[in-house]
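Source file: my_file.cif; contents: mmCIF, C-alpha atoms.
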```cif
data_data
loop_
_atom_site.label_atom_id
_atom_site.label_comp_id
_atom_site.auth_asym_id
_atom_site.auth_seq_id
_atom_site.Cartn_x
_atom_site.Cartn_y
_atom_site.Cartn_z
CA MET P 1 -18.69 36.56 21.74
CA GLY P 2 -18.90 32.77 21.97
CA ALA P 3 -15.97 30.44 22.58
CA TRP P 4 -13.79 29.35 19.69
CA ILE P 5 -14.48 25.76 18.61
CA PRO P 6 -11.75 24.31 16.37
CA GLY P 7 -13.20 23.01 13.12
CA LEU P 8 -16.66 24.22 14.21
CA ALA P 9 -17.20 20.71 15.60
CA GLY P 10 -20.77 20.34 16.79
CA VAL P 11 -21.75 23.86 15.76
CA VAL P 12 -25.12 24.00 13.99
CA ALA P 13 -24.51 26.34 11.04
CA ALA P 14 -27.51 25.48 8.86
CA ARG P 15 -31.00 24.05 8.93
CA THR P 16 -31.65 21.56 6.16
CA ALA P 17 -34.27 19.17 4.86
CA VAL P 18 -31.85 17.52 2.41
CA SER P 19 -30.28 14.78 4.51
CA ARG P 20 -30.10 13.56 8.08
CA VAL P 21 -27.10 11.70 9.48
CA ASP P 22 -27.48 9.55 12.60
CA GLY P 23 -23.92 8.90 13.68
CA THR P 24 -24.89 6.89 16.75
CA GLY P 25 -27.48 4.67 15.11
CA GLY P 26 -25.60 4.36 11.83
CA ALA P 27 -28.31 5.65 9.51
CA LEU P 28 -28.58 8.16 6.67
CA TRP P 29 -31.75 9.55 5.13
CA PHE P 30 -32.29 11.77 2.08
CA ARG P 31 -35.47 13.81 2.67
CA GLY P 32 -36.68 11.08 5.02
CA VAL P 33 -35.88 8.16 2.70
CA PRO P 34 -33.20 5.64 3.87
CA VAL P 35 -30.02 5.67 1.80
CA GLN P 36 -30.50 2.08 0.57
CA ALA P 37 -33.96 2.92 -0.77
CA VAL P 38 -32.55 6.04 -2.44
CA ALA P 39 -29.86 3.99 -4.17
CA ASP P 40 -32.52 1.58 -5.42
CA ARG P 41 -34.32 4.42 -7.22
CA GLY P 42 -31.56 5.13 -9.74
CA PHE P 43 -29.62 8.36 -10.25
CA GLU P 44 -32.22 10.46 -12.02
CA ALA P 45 -35.01 9.70 -9.52
CA ALA P 46 -32.64 10.03 -6.55
CA ALA P 47 -31.44 13.42 -7.81
CA ALA P 48 -35.03 14.61 -8.14
CA LEU P 49 -35.66 13.51 -4.54
CA VAL P 50 -32.58 15.27 -3.16
CA LEU P 51 -33.23 18.46 -5.15
CA ASP P 52 -36.97 18.30 -4.42
CA ALA P 53 -37.51 19.17 -8.08
CA PRO P 54 -37.71 17.32 -11.41
CA VAL P 55 -34.40 16.44 -13.06
CA GLU P 56 -35.01 16.05 -16.76
CA GLY P 57 -33.05 16.00 -20.01
CA LEU P 58 -29.68 14.99 -18.60
CA GLY P 59 -28.78 13.16 -21.83
CA PRO P 60 -29.10 16.17 -24.16
CA LEU P 61 -27.58 18.41 -21.49
CA ARG P 62 -24.47 16.18 -21.42
CA VAL P 63 -24.13 16.68 -25.19
CA GLN P 64 -24.50 20.42 -24.68
CA ALA P 65 -21.89 20.45 -21.92
CA PHE P 66 -19.47 18.41 -24.06
CA ALA P 67 -19.69 20.99 -26.86
CA ARG P 68 -19.11 23.88 -24.46
CA GLN P 69 -16.14 22.25 -22.75
CA ALA P 70 -14.42 21.41 -26.05
CA GLY P 71 -12.39 24.61 -26.13
CA VAL P 72 -11.50 24.80 -22.43
CA PRO P 73 -7.84 24.08 -21.56
CA VAL P 74 -7.65 21.24 -19.03
CA PRO P 75 -4.97 21.33 -16.28
CA SER P 76 -3.09 18.09 -15.66
CA GLY P 77 -4.44 17.36 -12.17
CA ALA P 78 -7.70 15.39 -12.05
CA MET P 79 -9.60 17.69 -9.70
CA ASP P 80 -7.94 20.77 -11.19
CA GLY P 81 -9.26 19.67 -14.57
CA VAL P 82 -12.82 19.12 -13.39
CA ARG P 83 -12.81 22.45 -11.58
CA ALA P 84 -11.52 24.33 -14.63
CA LEU P 85 -14.07 22.76 -16.96
CA VAL P 86 -17.01 23.44 -14.66
CA ALA P 87 -15.91 26.97 -13.76
CA GLY P 88 -16.51 28.16 -17.30
CA ALA P 89 -20.13 27.01 -17.40
CA GLN P 90 -22.92 29.51 -17.79
CA THR P 91 -25.20 29.87 -14.81
CA GLY P 92 -28.06 27.48 -15.44
CA SER P 93 -30.35 24.90 -13.94
CA ALA P 94 -29.34 22.18 -11.51
CA ALA P 95 -29.66 19.60 -14.27
CA GLU P 96 -27.25 21.57 -16.45
CA LEU P 97 -24.61 21.66 -13.71
CA ILE P 98 -25.05 17.96 -12.95
CA ALA P 99 -24.40 17.31 -16.64
CA GLU P 100 -21.41 19.66 -16.65
CA VAL P 101 -19.69 17.85 -13.78
CA GLY P 102 -20.35 14.39 -15.26
CA VAL P 103 -18.95 15.38 -18.66
CA ALA P 104 -15.97 17.09 -17.01
CA VAL P 105 -15.09 13.81 -15.28
CA GLY P 106 -15.18 12.06 -18.66
CA ARG P 107 -13.00 14.68 -20.33
CA VAL P 108 -10.43 14.62 -17.54
CA ALA P 109 -10.37 10.82 -17.67
CA ALA P 110 -9.68 10.89 -21.39
CA GLY P 111 -6.81 13.32 -20.88
CA LEU P 112 -5.23 11.19 -18.17
CA ALA P 113 -5.49 8.11 -20.39
CA GLY P 114 -4.16 9.92 -23.46
CA ARG P 115 -7.20 9.15 -25.59
CA PRO P 116 -9.86 11.28 -27.30
CA ALA P 117 -12.83 12.22 -25.14
CA LEU P 118 -15.93 10.18 -25.86
CA VAL P 119 -18.98 12.11 -27.01
CA PRO P 120 -21.91 11.64 -24.61
CA ASP P 121 -24.63 9.19 -25.54
CA PRO P 122 -27.94 10.87 -24.60
CA ALA P 123 -29.78 7.55 -24.81
CA LEU P 124 -27.92 6.16 -21.79
CA SER P 125 -28.66 6.73 -18.12
CA HIS P 126 -26.49 9.34 -16.44
CA ALA P 127 -24.44 6.77 -14.52
CA ALA P 128 -23.92 4.52 -17.55
CA ASP P 129 -22.84 7.43 -19.76
CA VAL P 130 -20.57 9.15 -17.23
CA GLY P 131 -18.99 5.77 -16.51
CA ARG P 132 -18.55 5.08 -20.23
CA MET P 133 -16.83 8.43 -20.78
CA ALA P 134 -14.64 7.97 -17.70
CA VAL P 135 -13.58 4.39 -18.41
CA GLY P 136 -13.36 4.73 -22.19
CA ARG P 137 -15.72 1.89 -23.06
CA PRO P 138 -19.37 0.95 -22.55
CA LEU P 139 -20.11 -0.38 -19.07
CA THR P 140 -21.73 -3.74 -18.57
CA ALA P 141 -25.21 -3.70 -17.06
CA ALA P 142 -23.77 -4.75 -13.68
CA GLU P 143 -21.08 -2.06 -13.81
CA ALA P 144 -23.61 0.64 -14.69
CA GLU P 145 -25.88 -0.51 -11.88
CA GLY P 146 -23.01 -0.49 -9.39
CA LEU P 147 -21.84 2.97 -10.41
CA ASP P 148 -25.41 4.25 -10.28
CA ALA P 149 -25.77 2.99 -6.70
CA TYR P 150 -22.51 4.69 -5.77
CA LEU P 151 -23.51 8.06 -7.23
CA CYS P 152 -26.85 7.90 -5.41
CA THR P 153 -25.22 6.96 -2.12
CA VAL P 154 -22.82 9.92 -2.06
CA MET P 155 -25.27 12.63 -3.17
CA ASP P 156 -25.37 14.25 0.24
CA HIS P 157 -24.09 13.81 3.77
CA GLY P 158 -24.96 16.61 6.14
CA LEU P 159 -22.88 19.75 6.42
CA ASN P 160 -19.53 18.39 5.24
CA ALA P 161 -16.70 20.73 4.21
CA SER P 162 -17.57 21.04 0.51
CA THR P 163 -21.30 21.43 1.17
CA PHE P 164 -20.61 24.13 3.76
CA THR P 165 -18.36 25.85 1.21
CA ALA P 166 -21.16 25.79 -1.37
CA ARG P 167 -23.60 27.25 1.14
CA VAL P 168 -21.20 30.05 2.11
CA VAL P 169 -20.80 31.07 -1.53
CA ALA P 170 -24.55 30.85 -2.16
CA SER P 171 -25.22 32.99 0.93
CA THR P 172 -23.38 35.89 -0.69
CA GLY P 173 -25.85 35.94 -3.56
CA SER P 174 -23.35 34.45 -5.99
CA ASP P 175 -24.37 32.03 -8.75
CA ALA P 176 -24.57 28.23 -8.61
CA VAL P 177 -21.54 27.75 -10.87
CA SER P 178 -19.39 29.67 -8.39
CA ALA P 179 -20.79 27.65 -5.49
CA VAL P 180 -20.09 24.33 -7.21
CA THR P 181 -16.62 25.45 -8.30
CA ALA P 182 -15.77 26.43 -4.73
CA ALA P 183 -17.12 23.12 -3.45
CA LEU P 184 -14.88 21.28 -5.92
CA GLY P 185 -11.93 23.17 -4.47
CA ALA P 186 -12.87 22.03 -0.96
CA LEU P 187 -13.35 18.44 -2.13
CA LYS P 188 -9.86 18.43 -3.64
CA GLY P 189 -8.35 18.53 -0.14
CA PRO P 190 -7.08 15.09 0.95
CA LEU P 191 -8.85 15.34 4.32
CA HIS P 192 -12.20 15.46 2.53
CA GLY P 193 -12.13 13.70 -0.84
CA GLY P 194 -8.92 11.72 -0.99
CA ALA P 195 -9.46 8.55 1.03
CA PRO P 196 -10.68 5.76 -1.34
CA GLY P 197 -7.45 5.22 -3.31
CA PRO P 198 -5.29 4.24 -0.32
CA VAL P 199 -7.77 1.47 0.52
CA LEU P 200 -6.67 -0.28 -2.67
CA ASP P 201 -3.03 0.29 -1.75
CA MET P 202 -3.80 -1.44 1.55
CA LEU P 203 -5.45 -4.41 -0.17
CA ASP P 204 -2.49 -4.65 -2.54
CA ALA P 205 -0.20 -4.83 0.48
CA VAL P 206 -2.27 -7.52 2.21
CA GLY P 207 -2.52 -9.60 -0.94
CA MET P 208 -4.02 -12.83 0.44
CA LEU P 209 -6.88 -13.72 2.76
CA ASP P 210 -4.69 -15.48 5.33
CA ARG P 211 -2.48 -12.39 5.64
CA ALA P 212 -5.31 -10.07 6.69
CA GLU P 213 -5.05 -10.57 10.45
CA PRO P 214 -1.24 -10.48 10.81
CA TRP P 215 -0.99 -7.54 8.41
CA VAL P 216 -3.52 -5.51 10.37
CA ARG P 217 -1.81 -6.37 13.64
CA ALA P 218 1.59 -5.33 12.27
CA GLU P 219 0.23 -2.00 10.99
CA LEU P 220 -1.32 -1.17 14.33
CA ASP P 221 1.83 -2.19 16.19
CA ALA P 222 3.74 0.25 13.97
CA GLY P 223 1.33 3.04 14.86
CA ARG P 224 -0.21 3.29 11.41
CA ARG P 225 -3.93 3.66 10.73
CA ILE P 226 -6.06 1.18 8.78
CA MET P 227 -7.49 2.90 5.71
CA GLY P 228 -11.25 2.93 5.33
CA MET P 229 -11.88 2.37 9.05
CA GLY P 230 -13.44 4.99 11.30
CA HIS P 231 -15.46 8.13 10.58
CA ARG P 232 -15.72 11.52 12.24
CA VAL P 233 -19.52 11.24 12.47
CA TYR P 234 -20.39 7.55 12.71
CA ARG P 235 -19.85 5.66 15.94
CA VAL P 236 -20.95 2.44 14.20
CA ARG P 237 -20.52 1.05 10.69
CA ASP P 238 -21.16 3.65 7.99
CA PRO P 239 -24.57 2.80 6.46
CA ARG P 240 -23.21 3.70 3.02
CA ALA P 241 -20.64 0.93 3.36
CA ALA P 242 -23.45 -1.62 3.48
CA VAL P 243 -25.07 -0.18 0.33
CA LEU P 244 -21.80 -0.25 -1.57
CA GLU P 245 -20.80 -3.69 -0.31
CA ARG P 246 -24.05 -5.01 -1.76
CA ALA P 247 -23.40 -3.19 -5.04
CA VAL P 248 -19.89 -4.63 -5.25
CA GLY P 249 -21.36 -8.11 -4.80
CA GLY P 250 -22.97 -7.83 -8.22
CA LEU P 251 -19.63 -7.12 -9.90
CA HIS P 252 -17.98 -10.46 -8.99
CA THR P 253 -14.61 -8.98 -8.11
CA GLU P 254 -12.06 -11.09 -6.25
CA ARG P 255 -11.30 -8.04 -4.11
CA LEU P 256 -14.55 -8.41 -2.20
CA ALA P 257 -13.54 -11.48 -0.18
CA LEU P 258 -10.19 -9.90 0.68
CA ALA P 259 -11.86 -6.64 1.68
CA ARG P 260 -14.28 -8.45 3.97
CA ALA P 261 -11.42 -10.32 5.61
CA VAL P 262 -9.46 -7.11 6.19
CA GLU P 263 -12.55 -5.33 7.53
CA ALA P 264 -13.25 -8.18 10.00
CA ALA P 265 -9.63 -8.32 11.14
CA ALA P 266 -9.39 -4.54 11.50
CA GLU P 267 -12.68 -4.28 13.37
CA ALA P 268 -11.64 -6.94 15.88
CA ALA P 269 -8.14 -5.56 16.38
CA LEU P 270 -9.30 -1.97 16.77
CA ALA P 271 -12.03 -2.95 19.22
CA ALA P 272 -9.47 -4.77 21.37
CA ARG P 273 -7.01 -1.85 21.34
CA HIS P 274 -9.51 1.00 21.54
CA PRO P 275 -12.60 -0.31 23.38
CA ASP P 276 -13.72 3.27 24.04
CA ARG P 277 -13.68 4.24 20.34
CA ALA P 278 -15.93 2.86 17.60
CA LEU P 279 -13.79 2.34 14.50
CA ARG P 280 -15.82 0.58 11.82
CA ALA P 281 -15.81 0.54 8.02
CA ASN P 282 -16.65 3.87 6.36
CA VAL P 283 -17.88 4.71 2.88
CA GLU P 284 -14.38 4.76 1.37
CA PHE P 285 -13.76 1.10 2.20
CA TYR P 286 -16.13 -0.34 -0.39
CA THR P 287 -16.09 2.72 -2.65
CA ALA P 288 -12.55 1.88 -3.66
CA ILE P 289 -13.41 -1.70 -4.56
CA LEU P 290 -16.53 -0.73 -6.50
CA LEU P 291 -14.86 1.99 -8.56
CA GLU P 292 -11.89 -0.26 -9.32
CA ALA P 293 -14.24 -3.07 -10.40
CA VAL P 294 -15.99 -0.66 -12.77
CA GLY P 295 -12.60 0.06 -14.34
CA LEU P 296 -12.02 3.59 -13.07
CA ASP P 297 -8.49 4.97 -12.79
CA ARG P 298 -7.64 5.59 -9.11
CA ARG P 299 -6.87 9.22 -9.92
CA LEU P 300 -10.54 9.66 -10.84
CA PHE P 301 -12.06 8.44 -7.59
CA THR P 302 -12.53 11.94 -6.14
CA PRO P 303 -13.82 13.43 -9.43
CA MET P 304 -16.38 10.63 -9.67
CA PHE P 305 -17.41 11.39 -6.09
CA ALA P 306 -18.07 14.96 -7.25
CA ALA P 307 -20.33 13.66 -10.04
CA GLY P 308 -22.65 12.36 -7.32
CA ARG P 309 -22.14 15.01 -4.61
CA VAL P 310 -22.92 17.91 -6.98
CA VAL P 311 -26.59 17.02 -6.52
CA GLY P 312 -26.38 17.65 -2.79
CA TRP P 313 -24.37 20.82 -3.26
CA LEU P 314 -27.08 22.24 -5.50
CA ALA P 315 -29.84 21.25 -3.07
CA HIS P 316 -28.02 23.11 -0.29
CA VAL P 317 -27.41 26.11 -2.56
CA ALA P 318 -31.16 26.38 -3.09
CA GLU P 319 -31.81 26.13 0.66
CA GLU P 320 -29.19 28.73 1.51
CA ARG P 321 -30.50 31.20 -1.05
CA ALA P 322 -33.94 30.93 0.54
CA THR P 323 -32.59 32.21 3.88
CA GLY P 324 -31.59 35.52 2.32
CA ARG P 325 -28.80 35.98 4.84
CA ILE P 326 -25.04 35.92 4.34
CA ILE P 327 -22.99 33.48 6.42
CA ARG P 328 -20.71 35.71 8.49
CA PRO P 329 -19.27 34.08 11.65
CA ALA P 330 -17.00 35.96 14.02
CA SER P 331 -13.28 35.46 14.60
CA GLU P 332 -11.25 35.82 17.78
CA TYR P 333 -8.21 38.08 17.51
CA VAL P 334 -5.03 36.55 19.02
CA GLY P 335 -2.39 38.79 17.45
CA PRO P 336 -0.05 41.39 19.00
CA PRO P 337 -1.56 43.97 21.41
CA CYS P 338 -3.36 46.76 19.61
CA THR P 339 -2.26 50.16 20.87
#
```
Step by step, read the file and then write its structure as structure tokens.
Amino acid sequence: MGAWIPGLAGVVAARTAVSRVDGTGGALWFRGVPVQAVADRGFEAAAALVLDAPVEGLGPLRVQAFARQAGVPVPSGAMDGVRALVAGAQTGSAAELIAEVGVAVGRVAAGLAGRPALVPDPALSHAADVGRMAVGRPLTAAEAEGLDAYLCTVMDHGLNASTFTARVVASTGSDAVSAVTAALGALKGPLHGGAPGPVLDMLDAVGMLDRAEPWVRAELDAGRRIMGMGHRVYRVRDPRAAVLERAVGGLHTERLALARAVEAAAEAALAARHPDRALRANVEFYTAILLEAVGLDRRLFTPMFAAGRVVGWLAHVAEERATGRIIRPASEYVGPPCT
């Protein structure tokens, strides 16, 4: 039996053609295409690339999902609500489940805001319609474009916790709805899907450009971490941060200048204190600013992430099914002596 490795760090548990992450070089590819080029394609084309299959009819499928979800009780928690709405779906195509998750985000958003859920508009792009349902109003062209870039950027990212969860469920021969529902449960955990909101809390605390450097210094002196800085995989700046920073630039939010000042101050201070560790901006840093600029409630940041990541989950489900083998690692017994 091999040695126990906490968190399975560095263990290769799957072979995939979906995405490649270069943590040292700071690059991310979806089926060989750089993440920036994927984001430029738009959600529907990017989803077809990631799934390696056509993705058609999302508009009518959103209408279908809305009708099915109408009678499903929705728990109060944002991720609990999305999970409950998706769990009741009938096993169907990847496009159907993509639609289900997008509509679930809109329904949960309506419940949190205390307003009626908006009926999907099949004439809109997926990003524009999911954003409209989530925010409660039509998005501007710039907002729709920014949200579209975000959803494309987060479609996949190697064998993260929720993707691994989806693959484990798929390996048992279970259906795609079960795999996606389990992945949503993994994403709910704050160590996986809960980081973007606190970035805004940090920017609220900094407040002004000239306070960025002293604020960062004071936080580090107090032993607190700087939100949105550092990543378990990347030893350089997260390539998704660059994509999202560019997308935020088209939204003309005042937050952008403050965020750049905090990022620069944090990068310099962290490099001085931890020269042996690369702590640079990660995807959450500019995700928070983009989603806020679109008008999304902070409680919906993780559900909106799921609206993009579901594409990657489904691509990995298809790969795992093709192996025909259940994922069954070993455990090391450390309990009382067995006599």
Counting all atoms listed in the file, which residues in stretch 96-146 of chain P sit no more than 12 Å from stretch 182-201 of chain P? For each one, give the nearest pair of atoms and the distance in Å, sorted by chain then residue number, as CSV.
```
residue,atom,partner,partner_atom,distance
P:Val101,CA,P:Leu184,CA,9.8
P:Ala104,CA,P:Leu184,CA,11.9
P:Val105,CA,P:Leu184,CA,12.0
```
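We find atom CA of P:Glu213 and atom CA of P:Ile289 to be spaced 19.3 Å apart.
Selection result for the displayed file, with the PyMOL selection byres ((chain P and resi 56-63) around 8) as criterion, is P:Glu44, P:Pro54, P:Val55, P:Gln64, P:Ala65, P:Phe66, P:Ala67, P:Ala95, P:Glu96, P:Ile98, P:Ala99, P:Glu100, P:Gly102, P:Val103, P:Val119, P:Pro120, P:Asp121, P:Pro122, P:Ala123, P:Leu124, P:Ser125, P:His126.
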Residues selected by the PyMOL selection byres ((chain P and resi 143) around 12), written as a ChimeraX atom specification: /P:127-132,135,137-142,144-150,247-253,290-296
Test item: residues at most 12 Å from P:Met202, all atoms listed in the file, excluding those fewer than 2 positions along its chain, as a ChimeraX atom specification: /P:195-200,204-208,211-212,215-216,219,224-229,255,258-259,262-263,266,285,288-289
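Atom pair atom CA of P:Ala222 / atom CA of P:Ala265 has a distance of 16.1 Å (rounded to one decimal).
Ranking P:Ala45, P:Val21, P:Ala53, P:Ala161 by their shortest atom-to-atom distance to P:Ala9, with only C-alpha atoms included, puts P:Ala161 first.
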Two-atom distance - atom CA of P:Pro303, atom CA of P:Met155 (Å): 13.1 Å
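Residues near the point (-16.8, 24.6, -10.1), at a distance of 7 Å or less over all atoms listed in the file, make up Arg83, Ala84, Val86, Ala87, Val177, Ser178, Ala179, Val180, Thr181, Ala182, Ala183 and Leu184 of chain P.
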